[in-house]
Amino acid sequence: MDCIFCSIIAKTIPAKILSETSHSLALLDAFPLARGHVLVLPKRHLQKIQDLELVENTDLFALVQSMTTRVDSAMTGSSLIAIHNGKDAGQDIPHLHAHIVPRSQDDPAGAIHSMFNKAPERMSEPVADQICKMLKDN
């Protein structure tokens with residue numbers, strides 16, 4: 001398998017590693033969207049969040065929380081946390097990773113809704129009920 005994140009985890013290519021746990025790794029993004037852009041990834045090669053074992057999920061999100069605190073404190077005070085969960089969601093590298101991107105009022109990024117060309121419309125009650133039925137606990 002030719003995965004750049006797996007190579008970083010194996011320490012066969014250099015990276016600016018910020019923190020490491022038993023199941024996760026945090027590093028500076030080599031191609032940052034903003035100064036202080038951090039990636040947090042599981043050590044095991046997984047593509048999607050639902051592939052994580054519970055212990056890996058707990059470890060990964062504890063590190064995301066810890067690194068977000070550090071990023072917010074050191075940078076602008078606010079951050080965007082994003083996961084592209086699969087290729088169709090914009091995942092470039094097929095290894096699960098969370099982005100922590102420092103944000104400020106002056107940056108050009110905008111809110112999550114700005115990622116989509118069409119402004120959202122309020123969902124009808126029947127559609128909302130149908131989706132709730134599909135997603136809700138039984």
# chains A, B, ... in the order shown; residues from 1 in each chain; ligands from 1
$ residues_around --residues "Arg44 (chain A)" --least-positions-apart "3" --cutoff "9 Å" --atoms "only C-alpha atoms" --output "ChimeraX atom specification"
/A:6,9,23-24,41,52,56,95
$ write_last_selection --atoms "N, CA and C atoms" --output "PDB file, in the first residue's frame"
ATOM      1  N   CYS A   6       0.573   6.539   6.221  1.00  0.00           N
ATOM      2  CA  CYS A   6       1.173   5.322   6.785  1.00  0.00           C
ATOM      3  C   CYS A   6       2.700   5.442   6.817  1.00  0.00           C
ATOM      4  N   ILE A   9       3.516   7.665   9.755  1.00  0.00           N
ATOM      5  CA  ILE A   9       3.335   6.896  10.994  1.00  0.00           C
ATOM      6  C   ILE A   9       4.515   5.950  11.210  1.00  0.00           C
ATOM      7  N   HIS A  23      -2.822   5.137  19.623  1.00  0.00           N
ATOM      8  CA  HIS A  23      -3.600   4.854  18.416  1.00  0.00           C
ATOM      9  C   HIS A  23      -3.649   5.990  17.402  1.00  0.00           C
ATOM     10  N   SER A  24      -3.110   7.167  17.751  1.00  0.00           N
ATOM     11  CA  SER A  24      -3.281   8.340  16.894  1.00  0.00           C
ATOM     12  C   SER A  24      -2.012   9.183  16.823  1.00  0.00           C
ATOM     13  N   LEU A  41      -4.723  11.803  12.857  1.00  0.00           N
ATOM     14  CA  LEU A  41      -5.083  10.586  12.139  1.00  0.00           C
ATOM     15  C   LEU A  41      -4.856   9.348  12.970  1.00  0.00           C
ATOM     16  N   LEU A  52     -13.328   2.791  12.491  1.00  0.00           N
ATOM     17  CA  LEU A  52     -12.581   2.827  13.750  1.00  0.00           C
ATOM     18  C   LEU A  52     -13.161   1.845  14.768  1.00  0.00           C
ATOM     19  N   GLU A  56     -10.004   3.168  19.294  1.00  0.00           N
ATOM     20  CA  GLU A  56      -9.349   4.083  18.342  1.00  0.00           C
ATOM     21  C   GLU A  56     -10.147   5.379  18.216  1.00  0.00           C
ATOM     22  N   HIS A  95      -6.938   7.747   3.839  1.00  0.00           N
ATOM     23  CA  HIS A  95      -6.590   7.402   5.224  1.00  0.00           C
ATOM     24  C   HIS A  95      -7.325   8.435   6.072  1.00  0.00           C
TER      25      HIS A  95
END
$ select_by_dssp --residues "region 23-114 of chain A" --states "strand (DSSP E or B)" --output "PyMOL selection string"
chain A and resi 24-28+38-42+78-83+98-103
$ closest_residue --among "A:Ser79, A:Ser22, A:Gln91, A:Ser7" --to "Asn57 (chain A)" --atoms "only C-alpha atoms"
A:Ser22
$ atom_distance --atom1 "CA of Arg70 (chain A)" --atom2 "CA of Phe31 (chain A)"
19.3 Å
$ residues_around --residues "Met115 (chain A)" --least-positions-apart "6" --cutoff "12 Å" --atoms "only C-alpha atoms" --output "ChimeraX atom specification"
/A:89-90,108-109
$ select_by_dssp --residues "chain A" --states "helix (DSSP H, G or I)" --output "PyMOL selection string"
chain A and resi 4-9+49-51+54-74+87-89+112-115+125-135
